[in-house]
>>> print(open('model_6.tsv').read())   # TSV, C-alpha atoms
chain	number	residue	atom	x	y	z
V	295	MET	CA	47.73	-12.60	38.39
V	296	THR	CA	45.14	-10.01	37.37
V	297	VAL	CA	44.28	-9.32	33.74
V	298	LEU	CA	46.32	-6.10	33.89
V	299	GLU	CA	49.30	-7.12	36.04
V	300	PRO	CA	51.96	-6.00	33.50
V	301	TYR	CA	50.31	-2.55	33.27
V	302	HIS	CA	50.20	-2.21	37.07
V	303	ALA	CA	53.85	-3.25	37.35
V	304	GLU	CA	54.93	-0.68	34.75
V	305	HIS	CA	53.20	2.02	36.80
V	306	GLY	CA	55.00	1.17	40.04
V	307	ALA	CA	52.43	-1.01	41.79
V	308	VAL	CA	53.32	-2.89	44.95
V	309	PHE	CA	51.48	-6.22	44.82
V	310	ASP	CA	49.55	-8.25	47.34
V	311	GLU	CA	48.57	-11.91	46.89
V	312	ARG	CA	45.03	-12.91	47.84
V	313	THR	CA	43.14	-16.11	47.07
V	314	GLY	CA	45.81	-17.07	44.56
V	315	ARG	CA	45.77	-13.75	42.65
V	316	ARG	CA	48.35	-10.96	42.67
V	317	LEU	CA	46.51	-7.68	43.12
V	318	PRO	CA	47.92	-4.13	43.17
V	319	ARG	CA	48.24	-3.08	46.82
V	320	HIS	CA	49.19	0.52	46.11
V	321	TYR	CA	51.20	2.72	43.74
V	322	GLY	CA	52.99	4.72	46.43
V	323	ARG	CA	51.58	7.29	48.88
V	324	PRO	CA	48.25	5.48	49.44
V	325	GLU	CA	46.96	8.11	51.89
V	326	ARG	CA	47.31	10.82	49.24
V	327	THR	CA	45.67	8.49	46.71
V	328	HIS	CA	42.75	7.94	49.08
V	329	LEU	CA	42.13	11.68	49.37
V	330	ALA	CA	42.43	12.11	45.60
V	331	VAL	CA	39.64	9.57	45.09
V	332	ARG	CA	37.50	11.24	47.79
V	333	ASN	CA	37.97	14.63	46.11
V	334	ALA	CA	38.01	13.72	42.41
V	335	VAL	CA	38.08	10.25	40.80
V	336	GLY	CA	40.12	7.06	40.86
V	337	ILE	CA	40.31	3.82	38.86
V	338	THR	CA	40.88	0.31	40.22
V	339	GLU	CA	40.87	-3.17	38.70
V	340	MET	CA	38.11	-5.09	40.48
V	341	ALA	CA	39.62	-8.58	39.91
V	342	TYR	CA	36.31	-10.42	40.24
V	343	GLY	CA	35.91	-14.05	39.41
V	344	VAL	CA	33.56	-14.03	36.39
V	345	LEU	CA	30.99	-16.63	35.34
V	346	VAL	CA	28.91	-16.63	32.17
V	347	VAL	CA	25.62	-18.53	32.46
V	348	THR	CA	23.71	-19.42	29.28
V	349	GLY	CA	20.86	-21.70	28.26
V	350	GLU	CA	17.07	-21.47	28.27
V	351	ASP	CA	16.83	-22.10	32.03
V	352	ARG	CA	19.64	-19.72	33.07
V	353	LEU	CA	17.42	-17.15	34.76
V	354	GLU	CA	15.35	-19.64	36.73
V	355	TYR	CA	18.43	-21.62	37.78
V	356	VAL	CA	20.41	-18.67	39.17
V	357	ASP	CA	17.33	-17.02	40.68
V	358	ASN	CA	16.55	-20.20	42.63
V	359	ALA	CA	20.12	-20.30	43.99
V	360	VAL	CA	20.65	-16.75	45.21
V	361	SER	CA	19.07	-14.62	47.93
V	362	ASN	CA	17.86	-11.78	45.72
V	363	ARG	CA	15.59	-11.66	42.68
V	364	VAL	CA	17.54	-11.81	39.42
V	365	PRO	CA	16.16	-9.20	36.99
V	366	ASP	CA	14.45	-10.58	33.89
V	367	ALA	CA	15.25	-7.51	31.75
V	368	ASP	CA	18.42	-7.01	29.75
V	369	GLY	CA	20.52	-4.18	31.20
V	370	GLU	CA	19.70	-4.74	34.88
V	371	GLY	CA	21.50	-6.43	37.75
V	372	CYS	CA	21.31	-7.23	41.45
V	373	TYR	CA	23.55	-7.81	44.44
V	374	ALA	CA	22.90	-11.22	45.98
V	375	LEU	CA	24.27	-13.87	48.32
V	376	LEU	CA	24.81	-17.60	48.17
V	377	CYS	CA	24.30	-19.11	51.61
V	378	ASP	CA	24.67	-22.52	53.21
V	379	PRO	CA	21.60	-24.37	54.62
V	380	GLN	CA	22.10	-22.58	57.96
V	381	GLY	CA	21.89	-19.19	56.22
V	382	ARG	CA	25.59	-18.36	56.53
V	383	ILE	CA	27.12	-16.45	53.61
V	384	GLU	CA	29.36	-18.49	51.29
V	385	HIS	CA	29.66	-16.03	48.38
V	386	ASP	CA	28.49	-12.52	47.58
V	387	LEU	CA	27.69	-11.91	43.92
V	388	TYR	CA	26.68	-9.33	41.39
V	389	VAL	CA	24.34	-10.88	38.80
V	390	TYR	CA	23.63	-9.03	35.53
V	391	ASN	CA	21.08	-9.90	32.87
V	392	ALA	CA	22.92	-9.39	29.57
V	393	GLY	CA	20.22	-10.70	27.24
V	394	GLU	CA	21.13	-14.22	26.13
V	395	ARG	CA	23.48	-14.69	29.08
V	396	LEU	CA	23.88	-13.82	32.73
V	397	LEU	CA	27.17	-12.35	33.97
V	398	VAL	CA	28.03	-13.28	37.55
V	399	PHE	CA	30.80	-11.42	39.39
V	400	ALA	CA	32.13	-13.36	42.39
V	401	PRO	CA	34.89	-12.62	44.94
V	402	PRO	CA	38.44	-13.21	43.63
V	403	GLY	CA	39.30	-16.91	43.59
V	404	HIS	CA	35.70	-18.12	43.87
V	405	ALA	CA	34.65	-18.56	40.23
V	406	GLU	CA	36.10	-22.02	39.57
V	407	GLY	CA	34.64	-23.58	42.71
V	408	LEU	CA	31.25	-21.95	42.21
V	409	ALA	CA	31.08	-23.07	38.58
V	410	ALA	CA	31.88	-26.66	39.56
V	411	GLU	CA	29.24	-26.58	42.31
V	412	TRP	CA	26.55	-25.22	40.01
V	413	ARG	CA	27.37	-27.65	37.20
V	414	GLU	CA	26.79	-30.57	39.57
V	415	LYS	CA	23.29	-29.29	40.33
V	416	THR	CA	21.95	-28.50	36.86
V	417	PHE	CA	20.43	-31.99	36.37
V	418	ILE	CA	18.10	-31.82	33.32
V	419	GLN	CA	17.97	-28.01	33.14
V	420	ASP	CA	19.25	-26.26	30.03
V	421	VAL	CA	22.07	-24.34	31.69
V	422	ALA	CA	25.75	-23.92	30.79
V	423	ILE	CA	28.21	-22.34	33.20
V	424	ASP	CA	31.59	-21.11	31.98
V	425	VAL	CA	34.42	-19.37	33.82
V	426	ALA	CA	35.43	-16.14	32.05
V	427	THR	CA	37.71	-14.58	34.66
V	428	ASP	CA	40.69	-14.36	32.30
V	429	GLU	CA	38.60	-13.20	29.34
V	430	MET	CA	37.12	-10.03	30.86
V	431	ALA	CA	38.43	-7.02	32.73
V	432	VAL	CA	36.29	-5.03	35.17
V	433	LEU	CA	37.50	-1.52	36.05
V	434	GLY	CA	35.96	0.40	38.95
V	435	VAL	CA	35.54	4.18	38.61
V	436	HIS	CA	34.96	5.86	41.99
V	437	GLY	CA	34.75	9.46	43.19
V	438	PRO	CA	32.58	12.57	43.15
V	439	ASN	CA	33.72	13.20	39.56
V	440	ALA	CA	33.05	9.64	38.37
V	441	THR	CA	30.07	10.62	36.19
V	442	GLU	CA	32.08	13.36	34.49
V	443	LYS	CA	34.94	10.90	33.97
V	444	ILE	CA	32.68	8.36	32.26
V	445	ALA	CA	30.97	11.04	30.18
V	446	SER	CA	34.34	12.36	28.98
V	447	VAL	CA	35.47	9.02	27.48
V	448	LEU	CA	32.32	7.01	26.67
V	449	ASN	CA	30.99	7.06	23.11
V	450	ASN	CA	27.61	5.92	21.74
V	451	ALA	CA	25.99	5.96	25.18
V	452	GLY	CA	25.57	8.17	28.21
V	453	ALA	CA	26.53	7.34	31.78
V	454	PRO	CA	23.79	4.96	33.00
V	455	GLU	CA	21.47	6.26	35.70
V	456	GLY	CA	20.19	4.14	38.57
V	457	GLU	CA	21.81	1.34	40.54
V	458	LEU	CA	23.25	-1.82	38.95
V	459	VAL	CA	21.87	-0.91	35.52
V	460	PHE	CA	24.10	-0.82	32.48
V	461	ASP	CA	24.49	0.38	28.93
V	462	ARG	CA	26.79	-0.54	26.09
V	463	GLY	CA	29.10	1.84	24.24
V	464	SER	CA	32.75	2.28	23.36
V	465	ILE	CA	35.87	3.82	24.85
V	466	HIS	CA	38.70	4.62	22.40
V	467	ASP	CA	36.99	2.35	19.81
V	468	VAL	CA	36.83	-0.57	22.28
V	469	GLY	CA	33.41	-2.05	22.99
V	470	VAL	CA	32.52	-1.72	26.69
V	471	THR	CA	29.65	-2.21	29.07
V	472	VAL	CA	29.29	0.52	31.71
V	473	ILE	CA	27.46	-0.36	34.93
V	474	ALA	CA	26.12	2.19	37.39
V	475	GLY	CA	27.53	1.00	40.71
V	476	ASP	CA	26.13	0.69	44.24
V	477	ASP	CA	28.74	3.07	45.68
V	478	PRO	CA	30.73	0.81	48.04
V	479	THR	CA	33.35	3.55	48.56
V	480	GLY	CA	30.65	6.05	49.50
V	481	GLU	CA	31.29	7.92	46.26
V	482	ASP	CA	29.57	7.88	42.89
V	483	SER	CA	30.70	4.75	41.07
V	484	TYR	CA	30.68	2.84	37.79
V	485	GLU	CA	32.22	-0.37	36.53
V	486	VAL	CA	33.56	-0.67	32.99
V	487	VAL	CA	33.61	-4.18	31.52
V	488	CYS	CA	35.67	-5.03	28.43
V	489	ALA	CA	37.56	-7.87	26.80
V	490	ALA	CA	40.81	-8.67	28.59
V	491	ASP	CA	42.96	-8.11	25.50
V	492	GLU	CA	41.58	-4.56	25.16
V	493	ALA	CA	41.77	-3.73	28.87
V	494	GLU	CA	45.05	-1.83	28.82
V	495	THR	CA	43.70	0.59	26.21
V	496	VAL	CA	40.54	1.16	28.24
V	497	LEU	CA	42.41	1.61	31.52
V	498	ASP	CA	44.90	4.03	30.00
V	499	THR	CA	42.05	6.04	28.47
V	500	LEU	CA	40.19	6.19	31.78
V	501	ILE	CA	43.28	7.46	33.59
V	502	VAL	CA	44.69	10.02	31.16
V	503	HIS	CA	41.93	11.15	28.77
V	504	GLY	CA	39.38	13.79	29.66
V	505	GLN	CA	39.55	14.53	33.35
V	506	ASN	CA	42.62	12.86	34.84
V	507	ALA	CA	42.05	9.99	37.28
V	508	ILE	CA	44.37	8.26	39.72
V	509	PRO	CA	44.89	4.48	39.84
V	510	PHE	CA	44.42	2.85	43.22
V	511	GLY	CA	44.84	-0.60	44.75
V	512	THR	CA	43.50	-2.78	47.52
V	513	ARG	CA	44.88	-0.66	50.36
V	514	THR	CA	42.93	2.40	49.24
V	515	TRP	CA	39.90	0.20	48.51
V	516	GLU	CA	39.96	-0.96	52.13
V	517	THR	CA	40.21	2.54	53.62
V	518	LEU	CA	37.53	3.96	51.30
V	519	THR	CA	35.06	1.14	51.92
V	520	LEU	CA	35.59	1.19	55.68
V	521	GLU	CA	35.00	4.94	55.85
V	522	ALA	CA	31.82	4.28	53.82
V	523	GLY	CA	30.61	1.60	56.24
V	524	THR	CA	30.64	-1.11	53.56
V	525	PRO	CA	31.07	-4.69	54.79
V	526	LEU	CA	33.43	-6.74	52.58
V	527	PHE	CA	33.35	-10.45	51.87
V	528	ASP	CA	36.63	-11.57	53.44
V	529	ALA	CA	36.36	-9.44	56.58
V	530	GLU	CA	32.65	-9.21	57.43
V	531	LEU	CA	30.44	-11.37	55.21
V	532	GLU	CA	31.91	-14.84	54.97
V	533	GLY	CA	30.32	-17.26	57.43
V	534	ARG	CA	27.85	-14.78	58.92
V	535	LEU	CA	24.09	-14.45	58.58
V	536	PRO	CA	23.05	-11.51	56.38
V	537	ASN	CA	20.66	-10.48	59.19
V	538	VAL	CA	23.61	-9.77	61.48
V	539	LEU	CA	25.20	-7.52	58.86
V	540	GLY	CA	21.97	-5.71	58.00
V	541	LEU	CA	22.42	-6.61	54.31
V	542	ARG	CA	18.83	-5.90	53.38
V	543	ASN	CA	19.78	-4.89	49.83
V	544	ALA	CA	20.98	-8.45	49.17
V	545	VAL	CA	17.89	-10.40	50.29
V	546	ASP	CA	14.39	-10.45	48.78
V	547	PHE	CA	12.19	-11.85	51.54
V	548	GLU	CA	9.24	-12.19	49.13
V	549	LYS	CA	10.88	-14.22	46.34
V	550	GLY	CA	10.46	-17.69	47.84
V	551	CYS	CA	12.94	-20.44	48.53
V	552	PHE	CA	16.71	-20.28	48.20
V	553	VAL	CA	19.38	-22.13	50.14
V	554	GLY	CA	19.41	-20.82	53.72
V	555	GLN	CA	16.12	-18.95	53.27
V	556	GLU	CA	14.34	-20.72	56.13
V	557	THR	CA	16.90	-19.63	58.73
V	558	ILE	CA	17.27	-16.10	57.34
V	559	SER	CA	13.48	-15.59	57.26
V	560	ARG	CA	13.05	-17.01	60.77
V	561	VAL	CA	15.60	-14.55	62.17
V	562	GLU	CA	13.96	-11.72	60.20
V	563	ASN	CA	10.52	-12.60	61.54
V	564	ARG	CA	11.86	-12.77	65.08
V	565	GLY	CA	12.93	-9.17	64.56
V	566	GLN	CA	16.36	-9.34	66.16
V	567	PRO	CA	19.52	-11.20	65.12
V	568	SER	CA	22.17	-12.18	67.65
V	569	GLY	CA	24.46	-9.29	66.67
V	570	ARG	CA	24.85	-6.24	64.49
V	571	LEU	CA	27.57	-4.41	62.62
V	572	VAL	CA	28.67	-1.09	64.11
V	573	GLY	CA	31.30	1.56	63.54
V	574	LEU	CA	33.88	2.42	66.21
V	575	ARG	CA	36.14	5.44	66.66
V	576	CYS	CA	39.14	4.05	68.54
V	577	GLU	CA	41.96	5.60	70.55
V	578	ALA	CA	44.44	3.17	68.94
V	579	LEU	CA	44.33	0.84	65.95
V	580	PRO	CA	43.05	-2.68	66.79
V	581	GLU	CA	43.72	-5.82	64.78
V	582	PRO	CA	40.91	-7.78	63.11
V	583	GLY	CA	39.51	-10.21	65.67
V	584	ALA	CA	40.31	-7.92	68.62
V	585	ALA	CA	37.78	-8.25	71.41
V	586	VAL	CA	35.31	-5.44	72.11
V	587	PHE	CA	34.43	-4.84	75.78
V	588	ALA	CA	31.66	-3.12	77.70
V	589	ASP	CA	32.25	-2.85	81.47
V	590	ASP	CA	34.99	-5.52	81.29
V	591	ARG	CA	32.61	-7.94	79.53
V	592	SER	CA	33.42	-9.21	76.03
V	593	VAL	CA	30.56	-8.14	73.76
V	594	GLY	CA	31.92	-8.67	70.25
V	595	GLU	CA	34.93	-8.45	67.97
V	596	VAL	CA	36.53	-6.12	65.47
V	597	THR	CA	36.21	-7.28	61.86
V	598	ARG	CA	38.38	-4.63	60.18
V	599	ALA	CA	40.24	-1.48	61.21
V	600	VAL	CA	42.28	1.22	59.43
V	601	GLU	CA	43.87	4.57	60.06
V	602	SER	CA	41.35	6.76	58.27
V	603	PRO	CA	43.09	9.18	55.87
V	604	SER	CA	40.01	11.42	55.86
V	605	LEU	CA	39.58	11.57	59.64
V	606	GLU	CA	43.26	11.10	60.58
V	607	ALA	CA	42.17	8.66	63.30
V	608	PRO	CA	41.72	4.91	63.81
V	609	ILE	CA	38.30	3.56	62.85
V	610	ALA	CA	36.88	0.05	62.86
V	611	LEU	CA	33.90	-2.11	62.04
V	612	ALA	CA	32.83	-4.60	64.68
V	613	VAL	CA	30.10	-7.18	65.21
V	614	VAL	CA	28.64	-6.74	68.70
V	615	GLU	CA	25.61	-7.87	70.66
V	616	PHE	CA	22.46	-6.54	69.02
V	617	ASP	CA	21.07	-4.52	71.94
V	618	LEU	CA	24.42	-3.18	73.09
V	619	GLU	CA	24.71	0.51	73.96
V	620	VAL	CA	27.80	1.37	71.92
V	621	ALA	CA	29.04	4.42	73.84
V	622	ASP	CA	32.02	4.02	76.19
V	623	LEU	CA	33.35	0.73	74.85
V	624	ALA	CA	36.90	-0.59	74.77
V	625	VAL	CA	38.92	-2.67	72.33
V	626	ARG	CA	42.01	-4.74	73.00
V	627	VAL	CA	45.19	-3.40	71.39
V	628	ASP	CA	48.57	-5.04	72.16
V	629	GLY	CA	47.12	-6.68	75.23
V	630	GLU	CA	45.67	-3.46	76.64
V	631	GLU	CA	42.13	-2.14	76.60
V	632	VAL	CA	41.80	1.23	74.89
V	633	GLY	CA	38.75	3.44	74.52
V	634	ALA	CA	36.31	3.12	71.60
V	635	ASP	CA	33.00	4.82	70.91
V	636	GLY	CA	30.28	3.72	68.55
V	637	THR	CA	29.41	6.09	65.73
V	638	ASP	CA	26.79	6.28	63.03
V	639	LEU	CA	27.77	4.86	59.65
V	640	PRO	CA	29.15	5.98	57.32
V	641	PHE	CA	32.18	7.46	59.02
V	642	VAL	CA	32.60	9.84	56.07
V	643	GLU	CA	29.82	11.27	53.92
V	644	GLY	CA	30.66	11.23	50.22
V	645	SER	CA	28.97	11.90	46.90
V	646	GLY	CA	27.22	8.53	47.11
V	647	ARG	CA	25.92	6.21	49.80
V	648	SER	CA	26.89	2.55	49.98
V	649	ALA	CA	23.97	0.22	49.32
V	650	ARG	CA	25.53	-2.20	51.84
V	651	LEU	CA	25.24	0.15	54.82
V	652	PRO	CA	23.75	-1.92	57.67
V	653	ALA	CA	19.98	-1.58	57.98
V	654	TYR	CA	17.89	-3.41	60.58
V	655	ALA	CA	14.15	-3.94	60.92
V	656	GLU	CA	12.49	-1.53	63.34
>>> encode(input="model_6.tsv", output="structure tokens")
Amino acid sequence: MTVLEPYHAEHGAVFDERTGRRLPRHYGRPERTHLAVRNAVGITEMAYGVLVVTGEDRLEYVDNAVSNRVPDADGEGCYALLCDPQGRIEHDLYVYNAGERLLVFAPPGHAEGLAAEWREKTFIQDVAIDVATDEMAVLGVHGPNATEKIASVLNNAGAPEGELVFDRGSIHDVGVTVIAGDDPTGEDSYEVVCAADEAETVLDTLIVHGQNAIPFGTRTWETLTLEAGTPLFDAELEGRLPNVLGLRNAVDFEKGCFVGQETISRVENRGQPSGRLVGLRCEALPEPGAAVFADDRSVGEVTRAVESPSLEAPIALAVVEFDLEVADLAVRVDGEEVGADGTDLPFVEGSGRSARLPAYAE
């Protein structure tokens, strides 16, 4: 269950089970909820797996493991990947320097396994790794009015400015950390971190105090992030090279060695991965894994597809051959090939721009 499952149930949530956790799928009328977030502001429980890393060697240890440079200043964070020796993505992470500790946000269900793996590799380093998933709540605030929402309820601090930087304050007398997000929904975004036993107070305040906000679940998260062109762990990232996904915001090619670095750097230096992530406007809604065709030749596969509430049309992300001309394609739907055309990402322009939008070396 999530930290706030009783609250979600009281407010009419329909639940979905993923990686052993029950997450709110929607609260009714998800298409209307989607448009409310696009036009104003919405709140969602992020349901990360949370690690707390302490000890004198915490910064060096985590920095050596992940693909991006971990900030050495309190109040800053980064988006990073953990890869296997072949460079394939095993986890995507947000890592925050919180002074005497690092906070690591992992995909739901990944914290226990990652903690066990890291503990086995600490050797003589002064590092302690604890799972804090059930001790913290992380609430996402997304929408063009997200800054106004935060400003209307946050005390003793202003809304942080920048990307993946944070400040500490209070909401309704509850101590919170507010992080400026990287806009995965294509809208301005923040994340509010608090103790789990205070989370219901913070969530209720975010929804009903100041400017009203609407709660949303995983279904709206999927439609918002797809419209924004944001690749997600389960659908696009897991098992793929970051080069294929154009995840340049997650890799520091100058930082030195990390697991998988040799392969990732070799592909980068070659200048062209085997595939790339593209957006498709489709005549009908394909399933994930559906084949993509060009002139009756299979050239890739759909990773995720939704009926876009903003565009009122089927849209999809797909991994295709890198040099493919993406006009006049087809995707397989119910055994038939239907038309699909490549389109620039994002599908929908919002108040923000996702930091995960694919970007490839010229």
>>> closest_residue(input="model_6.tsv", among="V:Ala405, V:Leu651, V:Ile423, V:Ala440", to="Asn543 (chain V)", atoms="all atoms listed in the file")
V:Leu651
>>> residues_around(input="model_6.tsv", residues="Ala422 (chain V)", least_positions_apart="3", cutoff="12 Å", atoms="only C-alpha atoms", output="ChimeraX atom specification")
/V:345-353,355-356,394-396,409-410,412-419,425
>>> closest_residue(input="model_6.tsv", among="V:Asp386, V:Ala624, V:Thr512, V:Glu429", to="Arg316 (chain V)", atoms="all atoms listed in the file")
V:Thr512
>>> residues_near_point(input="model_6.tsv", point="(23.1, 9.3, 35.2)", cutoff="10 Å", atoms="only C-alpha atoms", output="list in words")
Thr441, Glu442, Ala445, Gly452, Ala453, Pro454, Glu455, Gly456, Glu457 and Ala474 of chain V
>>> atom_distance(input="model_6.tsv", atom1="CA of Pro379 (chain V)", atom2="CA of Glu411 (chain V)")
14.7 Å
>>> atom_distance(input="model_6.tsv", atom1="CA of Gly369 (chain V)", atom2="CA of Asp477 (chain V)")
18.2 Å
>>> closest_residue(input="model_6.tsv", among="V:Arg591, V:Arg598, V:Arg323, V:His404", to="Val613 (chain V)", atoms="only C-alpha atoms")
V:Arg598
